[in-house]
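Undergrad: my_file-v1.txt is reproduced below (compact mmCIF, C-alpha atoms).
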```
# COMPACT_ATOMS: atom_id res chain seq x y z
CA MET M 1 0.00 0.00 0.00
CA ILE M 2 1.44 3.35 -1.06
CA THR M 3 1.10 6.01 1.65
CA PHE M 4 0.46 9.69 0.99
CA HIS M 5 4.03 10.68 1.85
CA LYS M 6 5.56 7.96 -0.34
CA THR M 7 3.31 8.94 -3.22
CA LEU M 8 4.24 12.60 -2.91
CA ALA M 9 7.96 11.86 -2.68
CA GLY M 10 7.69 9.63 -5.74
CA CYS M 11 5.80 12.29 -7.68
CA GLU M 12 8.53 14.84 -6.93
CA ALA M 13 11.08 12.32 -8.21
CA GLY M 14 9.12 11.93 -11.45
CA ASP M 15 8.15 8.32 -10.75
CA PRO M 16 5.32 7.23 -13.10
CA GLU M 17 3.85 4.74 -10.63
CA SER M 18 3.56 7.45 -7.98
CA TRP M 19 1.88 9.78 -10.44
CA ARG M 20 -0.60 7.07 -11.35
CA ALA M 21 -1.42 6.67 -7.65
CA PHE M 22 -1.72 10.47 -7.26
CA VAL M 23 -4.01 10.84 -10.27
CA GLY M 24 -6.07 7.80 -9.32
CA ASP M 25 -6.57 9.01 -5.75
CA TYR M 26 -7.28 12.69 -6.33
CA THR M 27 -8.91 13.05 -9.75
CA PRO M 28 -12.39 12.01 -8.50
CA LEU M 29 -12.16 14.64 -5.74
CA VAL M 30 -10.96 17.27 -8.22
CA TYR M 31 -13.85 16.51 -10.57
CA GLN M 32 -16.33 17.02 -7.73
CA LEU M 33 -14.79 20.39 -6.88
CA VAL M 34 -14.98 21.46 -10.54
CA GLY M 35 -18.64 20.48 -10.62
CA VAL M 36 -19.45 22.62 -7.59
CA TYR M 37 -17.23 25.68 -8.08
CA LEU M 38 -16.68 25.70 -11.85
CA PRO M 39 -19.91 24.36 -13.39
CA PRO M 40 -19.32 26.11 -16.75
CA LEU M 41 -16.14 24.02 -17.05
CA ARG M 42 -17.74 20.72 -16.06
CA GLU M 43 -17.56 19.28 -19.58
CA GLY M 44 -13.93 20.34 -19.88
CA ARG M 45 -12.86 19.20 -16.44
CA ALA M 46 -10.36 16.67 -17.78
CA GLN M 47 -8.58 19.38 -19.78
CA LEU M 48 -8.45 21.72 -16.78
CA TRP M 49 -7.04 18.93 -14.62
CA GLU M 50 -4.48 17.98 -17.28
CA GLU M 51 -3.32 21.60 -17.41
CA THR M 52 -3.17 21.71 -13.62
CA LEU M 53 -1.09 18.52 -13.49
CA LEU M 54 1.32 19.95 -16.06
CA ALA M 55 1.64 23.11 -13.96
CA LEU M 56 2.38 20.99 -10.87
CA ALA M 57 5.07 19.06 -12.75
CA ALA M 58 6.70 22.09 -14.40
CA ASN M 59 10.19 23.26 -13.43
CA ASN M 60 11.09 20.02 -11.66
CA PHE M 61 7.76 19.92 -9.78
CA GLU M 62 8.40 23.33 -8.23
CA ARG M 63 4.74 24.14 -7.54
CA LEU M 64 4.03 20.69 -6.13
CA ARG M 65 6.98 21.01 -3.75
CA ALA M 66 5.56 24.30 -2.43
CA PHE M 67 2.39 22.65 -1.10
CA ASP M 68 2.00 21.69 2.54
CA HIS M 69 3.55 18.24 3.04
CA GLN M 70 2.72 17.66 6.70
CA ALA M 71 -0.40 15.58 6.11
CA GLU M 72 -2.82 14.75 3.33
CA ARG M 73 -5.64 17.13 4.22
CA GLU M 74 -3.38 20.16 4.45
CA PHE M 75 -1.86 19.16 1.12
CA LEU M 76 -5.30 18.81 -0.44
CA ALA M 77 -6.25 22.28 0.80
CA ASP M 78 -3.32 23.70 -1.18
CA LEU M 79 -4.20 21.59 -4.21
CA ARG M 80 -7.81 22.78 -4.04
CA SER M 81 -6.79 26.45 -3.94
CA PHE M 82 -4.39 25.98 -6.85
CA LEU M 83 -7.04 24.23 -8.94
CA LEU M 84 -9.69 26.88 -8.25
CA GLU M 85 -7.27 29.71 -9.00
CA ARG M 86 -6.52 28.19 -12.38
CA GLY M 87 -10.19 27.56 -13.06
CA ALA M 88 -11.15 31.12 -12.12
CA GLU M 89 -8.87 32.41 -14.89
CA LYS M 90 -11.09 30.66 -17.43
CA LEU M 91 -14.39 32.11 -16.19
CA GLU M 92 -16.20 35.25 -17.26
CA PRO M 93 -18.72 37.10 -15.04
CA ALA M 94 -21.33 36.52 -17.75
CA GLU M 95 -21.13 32.80 -16.97
CA ASP M 96 -22.74 33.32 -13.58
CA PHE M 97 -26.12 31.61 -13.69
CA THR M 98 -28.31 34.15 -11.93
CA ARG M 99 -29.04 37.86 -12.10
CA ALA M 100 -29.32 38.05 -8.34
CA PRO M 101 -26.77 40.25 -6.54
CA ARG M 102 -23.32 38.64 -6.49
CA PRO M 103 -21.88 37.80 -3.08
CA ALA M 104 -19.00 40.02 -1.96
CA PRO M 105 -16.89 39.96 1.24
CA ASP M 106 -18.70 42.89 2.84
CA THR M 107 -22.20 41.56 2.10
CA VAL M 108 -21.24 38.05 3.26
CA ASP M 109 -19.78 39.45 6.48
CA ALA M 110 -23.05 41.25 7.10
CA LEU M 111 -25.03 38.04 6.53
CA PHE M 112 -22.88 36.16 9.05
CA LYS M 113 -22.89 38.77 11.78
CA GLY M 114 -23.93 37.33 15.13
CA LEU M 115 -24.46 33.77 13.88
CA PRO M 116 -23.03 30.71 15.65
CA LEU M 117 -20.27 28.85 13.81
CA ILE M 118 -22.37 25.94 12.54
CA HIS M 119 -24.88 28.38 11.04
CA ARG M 120 -22.03 30.21 9.31
CA GLU M 121 -20.70 26.94 7.93
CA ILE M 122 -24.05 25.98 6.47
CA LEU M 123 -24.73 29.42 5.03
CA PHE M 124 -21.22 29.68 3.55
CA LEU M 125 -21.45 26.26 1.89
CA LYS M 126 -24.95 27.01 0.60
CA LEU M 127 -23.65 30.19 -1.03
CA ALA M 128 -20.77 28.15 -2.47
CA GLY M 129 -23.28 25.94 -4.26
CA TYR M 130 -24.03 22.92 -2.09
CA SER M 131 -27.50 21.39 -1.88
CA ASP M 132 -29.20 20.45 1.38
CA GLY M 133 -28.77 16.74 0.65
CA THR M 134 -25.00 16.99 0.26
CA LEU M 135 -24.65 19.25 3.29
CA GLU M 136 -26.56 16.81 5.44
CA ARG M 137 -24.13 14.04 4.48
CA MET M 138 -21.08 16.28 4.72
CA LEU M 139 -21.82 17.86 8.10
CA ARG M 140 -23.95 14.99 9.46
CA ILE M 141 -26.66 17.39 10.52
CA THR M 142 -29.70 18.74 8.74
CA PRO M 143 -29.30 22.27 7.32
CA VAL M 144 -32.73 23.04 8.77
CA ILE M 145 -31.04 23.76 12.11
CA ALA M 146 -29.70 26.94 10.50
CA GLN M 147 -33.14 28.09 9.40
CA SER M 148 -32.78 31.46 11.09
CA ALA M 149 -29.51 32.00 9.20
CA LEU M 150 -30.96 30.90 5.88
CA GLU M 151 -33.85 33.33 6.32
CA ARG M 152 -31.28 36.11 5.99
CA VAL M 153 -30.75 35.24 2.32
CA GLN M 154 -34.43 35.27 1.38
CA ALA M 155 -34.25 38.80 0.00
CA ASP M 156 -31.17 38.65 -2.25
CA TYR M 157 -29.98 35.04 -2.45
CA SER M 158 -33.16 32.99 -2.25
CA ALA M 159 -32.11 30.97 -5.31
CA ILE M 160 -29.65 28.98 -3.18
CA LEU M 161 -32.52 27.71 -1.03
CA GLU M 162 -34.21 26.02 -3.99
CA LYS M 163 -31.21 24.10 -5.38
CA ASP M 164 -31.33 20.31 -5.55
CA ARG M 165 -27.87 19.78 -7.07
CA ASP M 166 -24.36 20.94 -6.23
CA ALA M 167 -23.34 23.86 -8.46
CA CYS M 168 -22.46 27.45 -7.64
CA LEU M 169 -24.90 29.97 -9.08
CA TRP M 170 -22.25 32.69 -9.45
CA PRO M 171 -18.92 30.86 -9.95
CA ALA M 172 -16.95 33.89 -11.17
CA ALA M 173 -18.10 36.11 -8.30
CA TRP M 174 -17.71 33.37 -5.69
CA LEU M 175 -14.16 32.51 -6.75
CA GLU M 176 -13.30 36.21 -6.60
CA LEU M 177 -14.63 36.21 -3.03
CA LEU M 178 -12.53 33.13 -2.21
CA ALA M 179 -9.43 34.82 -3.60
CA ARG M 180 -10.09 37.78 -1.31
CA ALA M 181 -10.54 35.42 1.62
CA TRP M 182 -7.29 33.54 0.84
CA SER M 183 -5.35 36.80 0.92
CA ALA M 184 -6.94 38.10 4.14
CA SER M 185 -4.94 36.08 6.66
CA SER M 186 -3.59 37.74 9.77
CA ALA M 187 -1.24 36.90 12.62
CA ASP M 188 -4.28 35.78 14.63
CA CYS M 189 -5.25 33.06 12.13
CA PRO M 190 -4.46 29.57 13.47
CA PRO M 191 -2.49 27.10 11.34
CA LEU M 192 -4.58 24.67 9.34
CA ARG M 193 -3.23 21.79 11.45
CA GLN M 194 -5.20 23.17 14.42
CA PHE M 195 -8.43 22.94 12.43
CA VAL M 196 -7.63 19.35 11.48
CA ARG M 197 -7.02 18.45 15.13
CA ILE M 198 -10.36 19.97 16.15
CA LEU M 199 -12.25 18.14 13.41
CA ASP M 200 -10.53 14.91 14.48
CA GLY M 201 -11.51 15.46 18.13
CA GLN M 202 -7.88 15.78 19.26
CA THR M 203 -8.22 19.02 21.23
CA SER M 204 -9.72 19.96 24.57
CA TRP M 205 -12.60 22.38 24.94
CA TYR M 206 -10.16 25.01 26.27
CA GLU M 207 -8.05 24.70 23.11
CA LYS M 208 -10.81 24.68 20.54
CA GLU M 209 -13.17 27.29 22.02
CA PRO M 210 -11.02 30.36 21.14
CA ILE M 211 -10.18 28.90 17.72
CA GLU M 212 -13.82 28.28 16.85
CA LYS M 213 -14.65 31.78 18.06
CA HIS M 214 -11.99 33.19 15.72
CA VAL M 215 -13.28 31.12 12.80
CA GLY M 216 -16.71 32.58 13.39
CA LEU M 217 -15.34 36.10 12.94
CA CYS M 218 -12.74 35.61 10.19
CA LEU M 219 -13.72 35.03 6.55
CA HIS M 220 -10.23 33.72 5.74
CA CYS M 221 -10.46 31.01 8.39
CA LEU M 222 -14.12 30.22 7.74
CA GLU M 223 -13.18 29.47 4.14
CA ARG M 224 -10.32 27.20 5.22
CA TRP M 225 -12.52 25.49 7.83
CA THR M 226 -15.30 24.71 5.35
CA ALA M 227 -12.72 23.66 2.73
CA LEU M 228 -11.51 20.98 5.11
CA ARG M 229 -15.09 19.85 5.66
CA GLU M 230 -15.69 19.33 1.96
CA LEU M 231 -12.27 17.78 1.30
CA ILE M 232 -12.84 15.17 4.01
CA TYR M 233 -16.26 14.42 2.53
CA TRP M 234 -15.20 14.15 -1.12
CA ARG M 235 -11.95 12.29 -0.37
CA HIS M 236 -13.85 9.30 0.94
CA GLY M 237 -17.16 9.72 -0.85
CA VAL M 238 -16.24 9.31 -4.53
CA GLN M 239 -15.73 6.37 -6.83
CA PRO M 240 -12.18 5.40 -7.96
CA LEU M 241 -11.06 6.62 -11.37
CA PRO M 242 -10.96 3.92 -14.08
CA GLU M 243 -7.44 2.79 -14.93
CA ALA M 244 -7.77 3.88 -18.57
CA GLU M 245 -8.48 7.47 -17.48
CA VAL M 246 -5.55 7.40 -15.05
CA LYS M 247 -3.17 6.33 -17.83
CA ALA M 248 -4.53 8.98 -20.19
CA LEU M 249 -3.95 11.77 -17.67
CA VAL M 250 -0.46 10.60 -16.69
CA SER M 251 0.64 10.09 -20.29
CA GLY M 252 0.76 13.83 -20.87
CA LEU M 253 3.37 14.40 -18.14
CA SER M 254 7.11 14.39 -18.80
CA LEU M 255 8.25 11.75 -16.36
CA GLN M 256 11.28 9.53 -16.06
CA ALA M 257 11.14 6.34 -18.11
CA GLU M 258 10.11 3.26 -16.22
CA PRO M 259 12.89 0.66 -15.96
CA LYS M 260 12.40 -2.44 -18.09
CA LYS M 261 11.65 -5.56 -16.13
CA GLU M 262 14.34 -8.16 -16.71
CA ASN M 263 13.45 -11.81 -16.96
CA SER M 264 14.92 -14.13 -14.36
CA PHE M 265 17.86 -16.36 -15.33
CA LEU M 266 15.69 -19.50 -15.28
CA LYS M 267 13.02 -17.86 -17.41
CA ARG M 268 15.63 -16.79 -19.97
CA VAL M 269 17.05 -20.32 -20.06
CA PHE M 270 13.80 -22.26 -20.16
CA GLY M 271 11.54 -19.66 -21.73
```
How does this structure look as structure tokens?

TA:
Amino acid sequence: MITFHKTLAGCEAGDPESWRAFVGDYTPLVYQLVGVYLPPLREGRAQLWEETLLALAANNFERLRAFDHQAEREFLADLRSFLLERGAEKLEPAEDFTRAPRPAPDTVDALFKGLPLIHREILFLKLAGYSDGTLERMLRITPVIAQSALERVQADYSAILEKDRDACLWPAAWLELLARAWSASSADCPPLRQFVRILDGQTSWYEKEPIEKHVGLCLHCLERWTALRELIYWRHGVQPLPEAEVKALVSGLSLQAEPKKENSFLKRVFG
């Protein structure tokens, strides 16, 4: 069994087997993210992913080496951001699917004011494009518990309350908001590892209470917190990629040649 760290080390060495494991493991997750955040690119998701893989492998895997290597979920958070940044470059505002007002950091902050963290999570993920059914499976609670929060969007963003599939209604505007959130970190923002420990139940109430309070007030950290939620969900909730698709994606990368397997002495002698 190839572990995450072995796979990553092999990818950075240009090992084809490691890249096949990488592509096989993460392509289904990537395709789900494209479907939610980049619905206009859904039909071209393979091309976007191919281009992203080439960018990761360029200059001796320079971009891949820059990602967090501590653990898989932190790594996937970096991969997610990189993918969405590249996808955002291909979108036009006209591709947003609704004429309703586009979410912006100031309007989203106003929507979240005074809400408990779980209500903020649900509202943020609803604005991102998730349906109630997916949120119930992802968060293991019904979104109805945040009814008072969802009532706040009735005036301007009511379209998100009627969705029955996962797809952002304003992908260009939402990815612009995410970019603003990514760049809004401060010295008070906890490292992502702390969020992982809280989600894994590895912290005491005294440790997690101030962190959760900060997440409830910081758009940068709320985005990272909800990103972890969805990454955990999609990582284990998707079907494996067929081997033929794995080979097709890896074939476009410039990797070291695989060594030829030599026949044993007895096999050479006796055929």

Undergrad: In Å to one decimal, how far is CA of Tyr31 (chain M) from CA of Gln47 (chain M)?

TA: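 Value for the CA of Gln47 (chain M)-CA of Tyr31 (chain M) distance: 11.0 Å.
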
Undergrad: So what do you get for CA of Phe61 (chain M) versus CA of Glu245 (chain M), distance-wise?

TA: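 That distance, rounded to one decimal, is 21.9 Å.
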
Undergrad: Would you compute the distance between CA of Glu209 (chain M) and CA of Arg73 (chain M)? Give it in Å to one decimal.

TA: 21.8 Å

Undergrad: Between M:Ile141, M:Leu177, M:Ala46, M:Ala244, single out the one closest to Phe124 (chain M), counting all atoms listed in the file.

TA: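 So, comparing all the options, the nearest one is M:Leu177.
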
Undergrad: M:Tyr37, M:Leu76, M:Leu54, M:Pro16: which is nearest Lys126 (chain M), counting only C-alpha atoms?

TA: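 Residue with the minimum atom-to-atom distance to Lys126 (chain M): M:Tyr37.
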
Undergrad: Near region 188-204 of chain M, within 8 Å and counting only C-alpha atoms, which residues show up once chain neighbours fewer than 3 positions away are dropped, as a PDB file with C-alpha atoms, keeping the file's coordinate frame?

TA:
```
ATOM      1  CA  ARG M  73      -5.640  17.130   4.220  1.00  0.00           C
ATOM      2  CA  GLU M  74      -3.380  20.160   4.450  1.00  0.00           C
ATOM      3  CA  SER M 185      -4.940  36.080   6.660  1.00  0.00           C
ATOM      4  CA  GLU M 207      -8.050  24.700  23.110  1.00  0.00           C
ATOM      5  CA  LYS M 208     -10.810  24.680  20.540  1.00  0.00           C
ATOM      6  CA  ILE M 211     -10.180  28.900  17.720  1.00  0.00           C
ATOM      7  CA  HIS M 214     -11.990  33.190  15.720  1.00  0.00           C
ATOM      8  CA  CYS M 221     -10.460  31.010   8.390  1.00  0.00           C
ATOM      9  CA  ARG M 224     -10.320  27.200   5.220  1.00  0.00           C
ATOM     10  CA  TRP M 225     -12.520  25.490   7.830  1.00  0.00           C
ATOM     11  CA  LEU M 228     -11.510  20.980   5.110  1.00  0.00           C
TER      12      LEU M 228
END
```

Undergrad: Go through M:Val34, M:Leu161, M:Leu53, M:Leu41 and flag the residue nearest Cys11 (chain M), using all atoms listed in the file for the distances.

TA: M:Leu53

Undergrad: Using only C-alpha atoms, which residue out of M:Leu115, M:Leu64, M:Ala248, M:Ala146 lies closest to Asp78 (chain M)?

TA: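 Under the stated criterion, the closest residue is M:Leu64.
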
Undergrad: With all atoms listed in the file as the counted atoms, please give the residues lying no more than 12 Å from Leu253 (chain M), apart from itself and same-chain residues fewer than 6 positions off, as a ChimeraX atom specification.

TA: /M:11,14-16,19-20,23,49-58,60-61,246-247

Undergrad: Name the closest residue to Ala88 (chain M) among the candidates M:Val153, M:Leu178, M:Ile118, M:Leu125; distances are taken between atoms, counting all atoms listed in the file.

TA: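 Among the listed residues, M:Leu178 lies closest to Ala88 (chain M).
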
Undergrad: At a cut-off of 12 Å, using only C-alpha atoms, what residues contact Lys90 (chain M)? Leave out same-chain residues fewer than 4 positions from it and give the result as a PDB file with C-alpha atoms, in the coordinates of the input.

TA:
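Result file is selection.pdb:
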```
ATOM      1  CA  LEU M  38     -16.680  25.700 -11.850  1.00  0.00           C
ATOM      2  CA  PRO M  39     -19.910  24.360 -13.390  1.00  0.00           C
ATOM      3  CA  PRO M  40     -19.320  26.110 -16.750  1.00  0.00           C
ATOM      4  CA  LEU M  41     -16.140  24.020 -17.050  1.00  0.00           C
ATOM      5  CA  GLY M  44     -13.930  20.340 -19.880  1.00  0.00           C
ATOM      6  CA  ARG M  45     -12.860  19.200 -16.440  1.00  0.00           C
ATOM      7  CA  GLN M  47      -8.580  19.380 -19.780  1.00  0.00           C
ATOM      8  CA  LEU M  48      -8.450  21.720 -16.780  1.00  0.00           C
ATOM      9  CA  GLU M  51      -3.320  21.600 -17.410  1.00  0.00           C
ATOM     10  CA  LEU M  83      -7.040  24.230  -8.940  1.00  0.00           C
ATOM     11  CA  LEU M  84      -9.690  26.880  -8.250  1.00  0.00           C
ATOM     12  CA  GLU M  85      -7.270  29.710  -9.000  1.00  0.00           C
ATOM     13  CA  ARG M  86      -6.520  28.190 -12.380  1.00  0.00           C
ATOM     14  CA  ALA M  94     -21.330  36.520 -17.750  1.00  0.00           C
ATOM     15  CA  GLU M  95     -21.130  32.800 -16.970  1.00  0.00           C
ATOM     16  CA  PRO M 171     -18.920  30.860  -9.950  1.00  0.00           C
ATOM     17  CA  ALA M 172     -16.950  33.890 -11.170  1.00  0.00           C
ATOM     18  CA  LEU M 175     -14.160  32.510  -6.750  1.00  0.00           C
TER      19      LEU M 175
END
```

Undergrad: Tell me, as a PDB file with C-alpha atoms, in the coordinates of the input, which residues lie within 9 Å of Ile160 (chain M), counting all atoms listed in the file; anything in the same chain fewer than 4 positions away does not count.

TA:
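Everything below was put into around-v2.pdb:
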```pdb
ATOM      1  CA  LYS M 126     -24.950  27.010   0.600  1.00  0.00           C
ATOM      2  CA  LEU M 127     -23.650  30.190  -1.030  1.00  0.00           C
ATOM      3  CA  ALA M 128     -20.770  28.150  -2.470  1.00  0.00           C
ATOM      4  CA  GLY M 129     -23.280  25.940  -4.260  1.00  0.00           C
ATOM      5  CA  TYR M 130     -24.030  22.920  -2.090  1.00  0.00           C
ATOM      6  CA  SER M 131     -27.500  21.390  -1.880  1.00  0.00           C
ATOM      7  CA  VAL M 153     -30.750  35.240   2.320  1.00  0.00           C
ATOM      8  CA  CYS M 168     -22.460  27.450  -7.640  1.00  0.00           C
ATOM      9  CA  LEU M 169     -24.900  29.970  -9.080  1.00  0.00           C
TER      10      LEU M 169
END
```

Undergrad: Residues near Phe112 (chain M), anyone? I mean within 10 Å using only C-alpha atoms, not counting same-chain ones fewer than 6 positions away, as a VMD selection string.

TA: chain M and resid 119 to 121 123 to 124 149 152 216 to 217 219

Undergrad: Just to be explicit: take each residue in the selection above, keep C-alpha atoms, and write the result as a PDB file, in the frame of the given file.

TA:
```pdb
ATOM      1  CA  HIS M 119     -24.880  28.380  11.040  1.00  0.00           C
ATOM      2  CA  ARG M 120     -22.030  30.210   9.310  1.00  0.00           C
ATOM      3  CA  GLU M 121     -20.700  26.940   7.930  1.00  0.00           C
ATOM      4  CA  LEU M 123     -24.730  29.420   5.030  1.00  0.00           C
ATOM      5  CA  PHE M 124     -21.220  29.680   3.550  1.00  0.00           C
ATOM      6  CA  ALA M 149     -29.510  32.000   9.200  1.00  0.00           C
ATOM      7  CA  ARG M 152     -31.280  36.110   5.990  1.00  0.00           C
ATOM      8  CA  GLY M 216     -16.710  32.580  13.390  1.00  0.00           C
ATOM      9  CA  LEU M 217     -15.340  36.100  12.940  1.00  0.00           C
ATOM     10  CA  LEU M 219     -13.720  35.030   6.550  1.00  0.00           C
TER      11      LEU M 219
END
```

Undergrad: Nearest to Leu135 (chain M) among M:Glu243, M:Glu230, M:Glu151, M:Asp106, with distances taken over all atoms listed in the file: which residue is it?

TA: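 Looking only at the distances to Leu135 (chain M), the closest residue turns out to be M:Glu230.
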
Undergrad: Please return region 157-180 of chain M, rebuilt to N, CA and C atoms, as an mmCIF file, in the coordinates of the input.

TA:
```cif
data_model
loop_
_atom_site.group_PDB
_atom_site.id
_atom_site.type_symbol
_atom_site.label_atom_id
_atom_site.label_comp_id
_atom_site.auth_asym_id
_atom_site.auth_seq_id
_atom_site.Cartn_x
_atom_site.Cartn_y
_atom_site.Cartn_z
ATOM 1 N N TYR M 157 -30.601 36.282 -2.002
ATOM 2 C CA TYR M 157 -29.980 35.040 -2.450
ATOM 3 C C TYR M 157 -30.909 33.844 -2.299
ATOM 4 N N SER M 158 -32.186 34.061 -2.469
ATOM 5 C CA SER M 158 -33.160 32.990 -2.250
ATOM 6 C C SER M 158 -32.964 31.815 -3.203
ATOM 7 N N ALA M 159 -32.309 32.052 -4.331
ATOM 8 C CA ALA M 159 -32.110 30.970 -5.310
ATOM 9 C C ALA M 159 -31.312 29.808 -4.724
ATOM 10 N N ILE M 160 -30.456 30.073 -3.741
ATOM 11 C CA ILE M 160 -29.650 28.980 -3.180
ATOM 12 C C ILE M 160 -30.494 28.054 -2.319
ATOM 13 N N LEU M 161 -31.668 28.523 -1.884
ATOM 14 C CA LEU M 161 -32.520 27.710 -1.030
ATOM 15 C C LEU M 161 -33.317 26.681 -1.834
ATOM 16 N N GLU M 162 -33.385 26.873 -3.145
ATOM 17 C CA GLU M 162 -34.210 26.020 -3.990
ATOM 18 C C GLU M 162 -33.399 24.986 -4.770
ATOM 19 N N LYS M 163 -32.071 24.973 -4.579
ATOM 20 C CA LYS M 163 -31.210 24.100 -5.380
ATOM 21 C C LYS M 163 -31.320 22.650 -4.913
ATOM 22 N N ASP M 164 -31.330 21.733 -5.883
ATOM 23 C CA ASP M 164 -31.330 20.310 -5.550
ATOM 24 C C ASP M 164 -30.095 19.599 -6.095
ATOM 25 N N ARG M 165 -29.137 20.364 -6.635
ATOM 26 C CA ARG M 165 -27.870 19.780 -7.070
ATOM 27 C C ARG M 165 -26.734 20.712 -6.691
ATOM 28 N N ASP M 166 -25.528 20.173 -6.664
ATOM 29 C CA ASP M 166 -24.360 20.940 -6.230
ATOM 30 C C ASP M 166 -23.751 21.698 -7.397
ATOM 31 N N ALA M 167 -23.929 23.012 -7.407
ATOM 32 C CA ALA M 167 -23.340 23.860 -8.460
ATOM 33 C C ALA M 167 -23.509 25.308 -8.038
ATOM 34 N N CYS M 168 -22.412 26.037 -8.028
ATOM 35 C CA CYS M 168 -22.460 27.450 -7.640
ATOM 36 C C CYS M 168 -23.231 28.263 -8.669
ATOM 37 N N LEU M 169 -24.084 29.147 -8.186
ATOM 38 C CA LEU M 169 -24.900 29.970 -9.080
ATOM 39 C C LEU M 169 -24.122 31.150 -9.642
ATOM 40 N N TRP M 170 -23.050 31.531 -9.007
ATOM 41 C CA TRP M 170 -22.250 32.690 -9.450
ATOM 42 C C TRP M 170 -20.772 32.330 -9.326
ATOM 43 N N PRO M 171 -20.287 31.359 -10.119
ATOM 44 C CA PRO M 171 -18.920 30.860 -9.950
ATOM 45 C C PRO M 171 -17.843 31.937 -10.062
ATOM 46 N N ALA M 172 -17.970 32.858 -11.015
ATOM 47 C CA ALA M 172 -16.950 33.890 -11.170
ATOM 48 C C ALA M 172 -16.894 34.788 -9.933
ATOM 49 N N ALA M 173 -18.050 35.224 -9.461
ATOM 50 C CA ALA M 173 -18.100 36.110 -8.300
ATOM 51 C C ALA M 173 -17.658 35.373 -7.037
ATOM 52 N N TRP M 174 -18.058 34.106 -6.905
ATOM 53 C CA TRP M 174 -17.710 33.370 -5.690
ATOM 54 C C TRP M 174 -16.208 33.093 -5.631
ATOM 55 N N LEU M 175 -15.606 32.767 -6.751
ATOM 56 C CA LEU M 175 -14.160 32.510 -6.750
ATOM 57 C C LEU M 175 -13.376 33.807 -6.511
ATOM 58 N N GLU M 176 -13.934 34.916 -6.936
ATOM 59 C CA GLU M 176 -13.300 36.210 -6.600
ATOM 60 C C GLU M 176 -13.372 36.442 -5.096
ATOM 61 N N LEU M 177 -14.508 36.090 -4.489
ATOM 62 C CA LEU M 177 -14.630 36.210 -3.030
ATOM 63 C C LEU M 177 -13.636 35.288 -2.324
ATOM 64 N N LEU M 178 -13.482 34.060 -2.823
ATOM 65 C CA LEU M 178 -12.530 33.130 -2.210
ATOM 66 C C LEU M 178 -11.107 33.671 -2.312
ATOM 67 N N ALA M 179 -10.774 34.253 -3.445
ATOM 68 C CA ALA M 179 -9.430 34.820 -3.600
ATOM 69 C C ALA M 179 -9.183 35.921 -2.586
ATOM 70 N N ARG M 180 -10.211 36.731 -2.325
ATOM 71 C CA ARG M 180 -10.090 37.780 -1.310
ATOM 72 C C ARG M 180 -9.904 37.155 0.069
#
```
